[in-house]
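Here's the structure, in structure tokens; my notes come after.
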Amino acid sequence: MGIFCVLYSARHEEQHRMSETGTGAVPRFSIVVPVYKVQGFLRECMDSALTQEHPDFELIAVDDCSPDRSGAKKQLAEAGRVPAGIDHVVLNSPRYWEVMARAKYLVNNVNFADDVVKREGQIHLQTHHGTPLKSMGTDQKRYPAAAKGMSFRKLLARADRWDFSLSANRHTTEQWERVYPCGFTSVDAGYPRNDVYYRATAQDVRDIRERLGIAPGRTAVLYAPTMRDYQVGYVPRLDLERLSRELGEDVVLLVRTHYFYDRDPGLQQLQERGALIDVSGHPVVEELCLAADALVTDYSSIMFDYANLDRPIVTYADDWDTYVRSRGVTFDLLSGEPGDTPGVVATSEDELIEAFRSGRWDDERAAGRRAAFRARFCPWDGGHAAERVVRRVFLGQEASPAPLPRDERTVAPSPRAAARESSATLPLQGSEGSTVPARRGDGPSDEASGLGLAG
């Protein structure tokens with residue numbers, strides 16, 4: 001999921017006056033970044049923070065007890081987890097609690113520990129993990145597998161600290177306000193993490209695919225299943241070697257297991273044999289989505305984010321009835337009704353293979369379902385969600401700019417469109433130095449041989 005939380009801290013007004021008068025050196029803002037299993041993109045995160053325009057801030061990294069056992073600052077730096085020159089505190093140390101106490105803004109996508117006491121003047125923003133298909137909050141009471149070990153009294157006490165709750169669509173707003181009956185204000189702004197889907201360029205898409213090792217002309221299918229409350233540990237639900245073989249050499253599988261689970265050694269073996277690319281450890285899931293021609297998932301909230309890209313989504317639901325009974329859902333994903341189902345549905349491995357081989361994964365019917373799903377769940381995304389959140393929460397303004405109508409939004413190009421753009425000009429035969437625009441059909445074929453894999 002990336003960084004678990006980012007806190008924007010402001011010092012007390014007295015400290016601010018001390019700094020302005022030259023009697024103290026406490027910065028106006030502190031950006032506090034917990035460091036938990038995010039080594040792969042910590043440098044990018046830090047660099048982003050350090051290049052902000054505001055001149056008076058400090059950057060503090062919190063060692064959140066990652067499994068790599070890098071405890072000391074020196075070890076952290078040597079492991080590449082905390083870049084040189086970045087301040088560092090250890091979780092639950094006295095200075096950690098001092099930083100938490102003087103924070104003005106606390107932002108999280110889960111919940112802060114029960115020991116974190118909200119002081120007067122602090123503002124908590126809850127960003128959540130994504131649009132909820134599965135039951136959450138107080139609804140989990142009805143599902144013992146999902147509610148195991150939970151204290152709903154403590155859950156609501158934690159939610160009572162929220163000042164703002166971020167939402168990407170009306171469905172999500174209604175769910176959060178119902179299952180977390182607390183006094184927060186909903187920020188109907190879209191998800192900032194989805195801004196990149198409207199800002200990435202064709203060159204970005206090509207570069208990401210190259211870094212991942214996706215050969216030009218291949219159709220990349222991202223398989224990203226969620227976890228199961230009724231199972232212990234990662235249980236493969238597909239014969240990935242068979243799936244790769246049946247889809248053929250023109251298709252490459254990008255496999256991302258749920259972050260709750262440890263790395264699967266079997267995936268590494270399949271990767272070594274060239275059957276797939278294991279992207280479970282890739283730090284930025286948005287890059288995987290930008291690289292993929294299609295998404296195969298079950299009940300993961302990644303489907304709602306990926307829908308922004310207007311690319312094919314195949315639902316693989318081999319245990320739907322069991323999942324509904326053990327976890328509960330907020331709507332019928334398999335109904336086929338407009339807005340409920342994002343594309344083709346497969347309930348067995350054979351059906352999944354047939355969906356790709358027949359071309360149903362990206363035919364007109366699938367596109368129609370996708371359009372209705374996108375209209376329902378991506379109404380506010382469009383490239384400016386982060387700006388709306390900052391204006392509403394940090395600046396106390398209206399959450400502007402307003403989202404553009406869907407037909408006026410420009411989404412990142414698909415991999416095939418990005419490939420066409422790279423070959424959009426071809427040399428004129430017999431005319432040295434001249435170029436002519438390529439026709440849409442020029443360049444990479446829109447169909448992968450034998451599978452009807454349209455891009």
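Labeling convention for the structure tokens: chains A, B, ... as they appear, residues from 1 per chain, ligands from 1 in order of appearance.
The residue set within 9 Å of Ala367 of chain A, counting only C-alpha atoms and dropping same-chain residues fewer than 3 places from it, reads Asp310, Arg311, Pro312, Pro342, Gly343, Trp361, Asp362, Asp363, Glu364, Arg370, Ala371 and Ala372 of chain A.
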Write the selection just made, keeping C-alpha atoms, as a short mmCIF file (atom, residue, chain, number, x, y, z; two decimals), in the first residue's frame?
```cif
data_model
loop_
_atom_site.label_atom_id
_atom_site.label_comp_id
_atom_site.auth_asym_id
_atom_site.auth_seq_id
_atom_site.Cartn_x
_atom_site.Cartn_y
_atom_site.Cartn_z
CA ASP A 310 -10.70 3.01 -19.25
CA ARG A 311 -8.91 -0.27 -19.97
CA PRO A 312 -10.38 -3.79 -19.81
CA PRO A 342 -16.71 -3.65 -14.70
CA GLY A 343 -16.39 -6.11 -17.57
CA TRP A 361 -12.37 -9.46 -22.51
CA ASP A 362 -12.39 -6.34 -24.68
CA ASP A 363 -15.46 -6.52 -26.88
CA GLU A 364 -18.26 -3.96 -27.12
CA ARG A 370 -16.71 -0.60 -18.13
CA ALA A 371 -18.14 2.78 -19.11
CA ALA A 372 -21.04 2.45 -16.65
#
```
> Val116 of chain A: which residues within 9 Å, counting only C-alpha atoms, same-chain residues fewer than 5 positions away excluded, as a PyMOL selection string?
Replying inline: chain A and resi 97+100-101
For the residues in the current selection, export N, CA and C atoms as a compact mmCIF listing (two decimals), in the first residue's frame.
```
# COMPACT_ATOMS: atom_id res chain seq x y z
N TRP A 97 7.08 10.45 20.30
CA TRP A 97 5.85 10.95 20.90
C TRP A 97 5.83 12.47 20.95
N MET A 100 4.73 13.45 17.48
CA MET A 100 3.30 13.21 17.32
C MET A 100 2.47 14.24 18.08
N ALA A 101 2.97 14.66 19.24
CA ALA A 101 2.20 15.60 20.06
C ALA A 101 2.16 16.98 19.45
```
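The two atoms in question, atom CA of Leu270 of chain A and atom CA of Ala419 of chain A, are spaced 27.5 Å apart.
Distances here use only C-alpha atoms; by that measure, the residue among A:Val329, A:Ala113, A:Ala412, A:Ile353 closest to Leu247 of chain A is A:Ile353.
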> Which is closer to Ser423 of chain A than all the others in A:Cys182, A:Val62, A:Met227, A:Ala202, using only C-alpha atoms?
Replying inline: A:Ala202
Could you make a table, as CSV, of the residues of segment 174-266 of chain A that have an atom within 10 Å of an atom of segment 385-391 of chain A, each with its nearest atom pair and distance in Å to one decimal, counting only C-alpha atoms, in chain and number order?
```
residue,atom,partner,partner_atom,distance
A:Val187,CA,A:Val389,CA,7.2
A:Asp188,CA,A:Val389,CA,8.8
A:Ala189,CA,A:Ala385,CA,5.4
A:Gly190,CA,A:Ala385,CA,5.1
A:Tyr191,CA,A:Ala385,CA,5.7
A:Pro192,CA,A:Ala386,CA,4.4
A:Arg193,CA,A:Ala386,CA,7.9
A:Asn194,CA,A:Ala385,CA,7.8
A:Asp195,CA,A:Ala385,CA,6.4
```
> Can you list every residue in segment 147-314 of chain A that DSSP puts in helix (DSSP H, G or I), as a PyMOL selection string?
Replying inline: chain A and resi 147+152-159+170-179+192-199+202-212+240-247+265-272+285-291+302-309
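Here atom CA of Arg245 of chain A and atom CA of Tyr306 of chain A stand 25.4 Å from one another.
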May I have the residues within 7 Å of segment 167-179 of chain A as a CSV table (one decimal) with N, CA, C and O atoms, in the first residue's frame, using only C-alpha atoms and disregarding those fewer than 4 positions away in the same chain?
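Result written to result21.csv:
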```csv
chain,number,residue,atom,x,y,z
A,131,THR,N,-12.1,2.4,-2.5
A,131,THR,CA,-13.6,2.3,-2.6
A,131,THR,C,-13.9,0.9,-2.1
A,131,THR,O,-13.3,-0.1,-2.4
A,132,PRO,N,-14.9,0.8,-1.1
A,132,PRO,CA,-15.2,-0.5,-0.5
A,132,PRO,C,-16.2,-1.4,-1.3
A,132,PRO,O,-17.3,-1.0,-1.5
A,136,MET,N,-17.1,-3.1,5.7
A,136,MET,CA,-16.2,-2.5,6.6
A,136,MET,C,-16.9,-1.9,7.8
A,136,MET,O,-18.1,-1.9,7.9
A,137,GLY,N,-16.0,-1.4,8.8
A,137,GLY,CA,-16.6,-0.8,9.9
A,137,GLY,C,-17.5,-1.6,10.7
A,137,GLY,O,-17.3,-2.8,10.9
A,138,THR,N,-18.6,-1.0,11.2
A,138,THR,CA,-19.6,-1.7,12.0
A,138,THR,C,-20.3,-2.9,11.3
A,138,THR,O,-20.8,-3.8,11.9
A,139,ASP,N,-20.3,-2.8,10.0
A,139,ASP,CA,-20.9,-3.9,9.2
A,139,ASP,C,-20.2,-5.3,9.4
A,139,ASP,O,-20.7,-6.3,9.2
A,186,SER,N,-17.0,14.6,5.2
A,186,SER,CA,-16.5,13.9,4.0
A,186,SER,C,-15.9,14.9,3.1
A,186,SER,O,-16.5,15.9,2.8
A,187,VAL,N,-14.8,14.5,2.5
A,187,VAL,CA,-14.2,15.3,1.5
A,187,VAL,C,-14.3,14.6,0.1
A,187,VAL,O,-13.6,13.6,-0.2
A,188,ASP,N,-15.3,15.0,-0.6
A,188,ASP,CA,-15.7,14.3,-1.9
A,188,ASP,C,-14.8,14.9,-3.0
A,188,ASP,O,-15.2,15.8,-3.8
A,189,ALA,N,-13.6,14.4,-3.1
A,189,ALA,CA,-12.5,15.0,-3.9
A,189,ALA,C,-11.9,14.1,-4.9
A,189,ALA,O,-11.2,14.5,-5.8
A,190,GLY,N,-12.2,12.8,-4.8
A,190,GLY,CA,-11.4,11.8,-5.6
A,190,GLY,C,-10.1,11.4,-4.8
A,190,GLY,O,-9.9,12.0,-3.8
A,191,TYR,N,-9.4,10.5,-5.3
A,191,TYR,CA,-8.2,10.0,-4.7
A,191,TYR,C,-6.9,10.6,-5.3
A,191,TYR,O,-6.7,10.4,-6.5
A,377,PHE,N,-18.1,5.0,-10.3
A,377,PHE,CA,-17.1,5.0,-9.3
A,377,PHE,C,-15.9,5.9,-9.5
A,377,PHE,O,-15.0,6.1,-8.6
A,378,CYS,N,-15.8,6.6,-10.6
A,378,CYS,CA,-14.7,7.6,-10.9
A,378,CYS,C,-15.3,9.0,-11.2
A,378,CYS,O,-14.7,9.6,-12.1
A,379,PRO,N,-16.3,9.5,-10.5
A,379,PRO,CA,-16.8,10.7,-10.9
A,379,PRO,C,-16.0,12.0,-10.6
A,379,PRO,O,-16.1,13.0,-11.3
A,380,TRP,N,-15.1,11.8,-9.6
A,380,TRP,CA,-14.4,13.0,-9.1
A,380,TRP,C,-12.9,12.9,-9.4
A,380,TRP,O,-12.2,13.9,-9.3
A,381,ASP,N,-12.4,11.8,-9.9
A,381,ASP,CA,-11.0,11.7,-10.3
A,381,ASP,C,-10.8,12.4,-11.6
A,381,ASP,O,-11.8,12.5,-12.4
```
Using only C-alpha atoms, tabulate the residues of segment 229-321 of chain A lying at most 12 Å from any atom of segment 146-151 of chain A, each with its closest atom pair and that distance in Å to one decimal, by chain and increasing residue number, as CSV.
```
residue,atom,partner,partner_atom,distance
A:Asp229,CA,A:Ala146,CA,5.7
A:Tyr230,CA,A:Ala146,CA,7.9
A:Gln231,CA,A:Ala146,CA,10.8
```
>> What's around Thr297 of chain A at 9 Å? Count only C-alpha atoms, leave out sequence neighbours fewer than 2 positions away in its own chain, and write the answer as a ChimeraX atom specification.
In response: /A:222-226,295,299-300,302-303,313-317
Residues from the last selection, N, CA, C and O atoms, saved as a PDB file, in the first residue's frame:
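This is the output file part_8.pdb:
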```pdb
ATOM      1  N   LEU A 222      -2.259  -7.549 -15.858  1.00  0.00           N
ATOM      2  CA  LEU A 222      -1.951  -7.455 -14.428  1.00  0.00           C
ATOM      3  C   LEU A 222      -2.949  -8.299 -13.650  1.00  0.00           C
ATOM      4  O   LEU A 222      -4.163  -8.066 -13.722  1.00  0.00           O
ATOM      5  N   TYR A 223      -2.444  -9.280 -12.901  1.00  0.00           N
ATOM      6  CA  TYR A 223      -3.285 -10.107 -12.045  1.00  0.00           C
ATOM      7  C   TYR A 223      -3.028  -9.705 -10.605  1.00  0.00           C
ATOM      8  O   TYR A 223      -1.933  -9.887 -10.078  1.00  0.00           O
ATOM      9  N   ALA A 224      -4.054  -9.123  -9.960  1.00  0.00           N
ATOM     10  CA  ALA A 224      -3.894  -8.572  -8.612  1.00  0.00           C
ATOM     11  C   ALA A 224      -5.061  -9.005  -7.729  1.00  0.00           C
ATOM     12  O   ALA A 224      -6.045  -8.270  -7.573  1.00  0.00           O
ATOM     13  N   PRO A 225      -4.976 -10.191  -7.133  1.00  0.00           N
ATOM     14  CA  PRO A 225      -6.056 -10.662  -6.251  1.00  0.00           C
ATOM     15  C   PRO A 225      -5.962 -10.055  -4.868  1.00  0.00           C
ATOM     16  O   PRO A 225      -4.906  -9.571  -4.450  1.00  0.00           O
ATOM     17  N   THR A 226      -7.054 -10.088  -4.134  1.00  0.00           N
ATOM     18  CA  THR A 226      -7.063  -9.602  -2.763  1.00  0.00           C
ATOM     19  C   THR A 226      -6.888 -10.770  -1.800  1.00  0.00           C
ATOM     20  O   THR A 226      -6.771 -11.931  -2.210  1.00  0.00           O
ATOM     21  N   LEU A 295      -6.594  -5.622 -16.615  1.00  0.00           N
ATOM     22  CA  LEU A 295      -6.511  -6.029 -15.216  1.00  0.00           C
ATOM     23  C   LEU A 295      -7.396  -7.256 -14.994  1.00  0.00           C
ATOM     24  O   LEU A 295      -8.542  -7.289 -15.439  1.00  0.00           O
ATOM     25  N   TYR A 299     -11.837  -9.240  -5.922  1.00  0.00           N
ATOM     26  CA  TYR A 299     -12.641  -8.310  -5.145  1.00  0.00           C
ATOM     27  C   TYR A 299     -11.787  -7.154  -4.620  1.00  0.00           C
ATOM     28  O   TYR A 299     -12.195  -6.446  -3.702  1.00  0.00           O
ATOM     29  N   SER A 300     -10.612  -6.971  -5.170  1.00  0.00           N
ATOM     30  CA  SER A 300      -9.694  -5.938  -4.723  1.00  0.00           C
ATOM     31  C   SER A 300     -10.173  -4.559  -5.148  1.00  0.00           C
ATOM     32  O   SER A 300     -10.709  -4.371  -6.247  1.00  0.00           O
ATOM     33  N   ILE A 302      -8.455  -2.351  -6.204  1.00  0.00           N
ATOM     34  CA  ILE A 302      -7.667  -1.861  -7.330  1.00  0.00           C
ATOM     35  C   ILE A 302      -8.545  -1.684  -8.567  1.00  0.00           C
ATOM     36  O   ILE A 302      -8.253  -0.865  -9.434  1.00  0.00           O
ATOM     37  N   MET A 303      -9.651  -2.437  -8.636  1.00  0.00           N
ATOM     38  CA  MET A 303     -10.512  -2.340  -9.818  1.00  0.00           C
ATOM     39  C   MET A 303     -11.087  -0.933  -9.971  1.00  0.00           C
ATOM     40  O   MET A 303     -11.244  -0.438 -11.098  1.00  0.00           O
ATOM     41  N   ILE A 313     -11.187  -4.686 -17.712  1.00  0.00           N
ATOM     42  CA  ILE A 313     -11.125  -5.303 -16.388  1.00  0.00           C
ATOM     43  C   ILE A 313     -11.880  -6.624 -16.456  1.00  0.00           C
ATOM     44  O   ILE A 313     -13.051  -6.653 -16.863  1.00  0.00           O
ATOM     45  N   VAL A 314     -11.215  -7.693 -16.076  1.00  0.00           N
ATOM     46  CA  VAL A 314     -11.833  -9.017 -16.038  1.00  0.00           C
ATOM     47  C   VAL A 314     -11.951  -9.438 -14.576  1.00  0.00           C
ATOM     48  O   VAL A 314     -10.958  -9.435 -13.840  1.00  0.00           O
ATOM     49  N   THR A 315     -13.156  -9.779 -14.148  1.00  0.00           N
ATOM     50  CA  THR A 315     -13.387 -10.211 -12.775  1.00  0.00           C
ATOM     51  C   THR A 315     -13.280 -11.725 -12.701  1.00  0.00           C
ATOM     52  O   THR A 315     -14.047 -12.439 -13.364  1.00  0.00           O
ATOM     53  N   TYR A 316     -12.319 -12.221 -11.912  1.00  0.00           N
ATOM     54  CA  TYR A 316     -12.171 -13.659 -11.702  1.00  0.00           C
ATOM     55  C   TYR A 316     -12.706 -13.989 -10.316  1.00  0.00           C
ATOM     56  O   TYR A 316     -12.060 -13.726  -9.305  1.00  0.00           O
ATOM     57  N   ALA A 317     -13.926 -14.526 -10.270  1.00  0.00           N
ATOM     58  CA  ALA A 317     -14.631 -14.724  -9.000  1.00  0.00           C
ATOM     59  C   ALA A 317     -14.981 -16.195  -8.839  1.00  0.00           C
ATOM     60  O   ALA A 317     -16.142 -16.590  -8.962  1.00  0.00           O
TER      61      ALA A 317
END
```
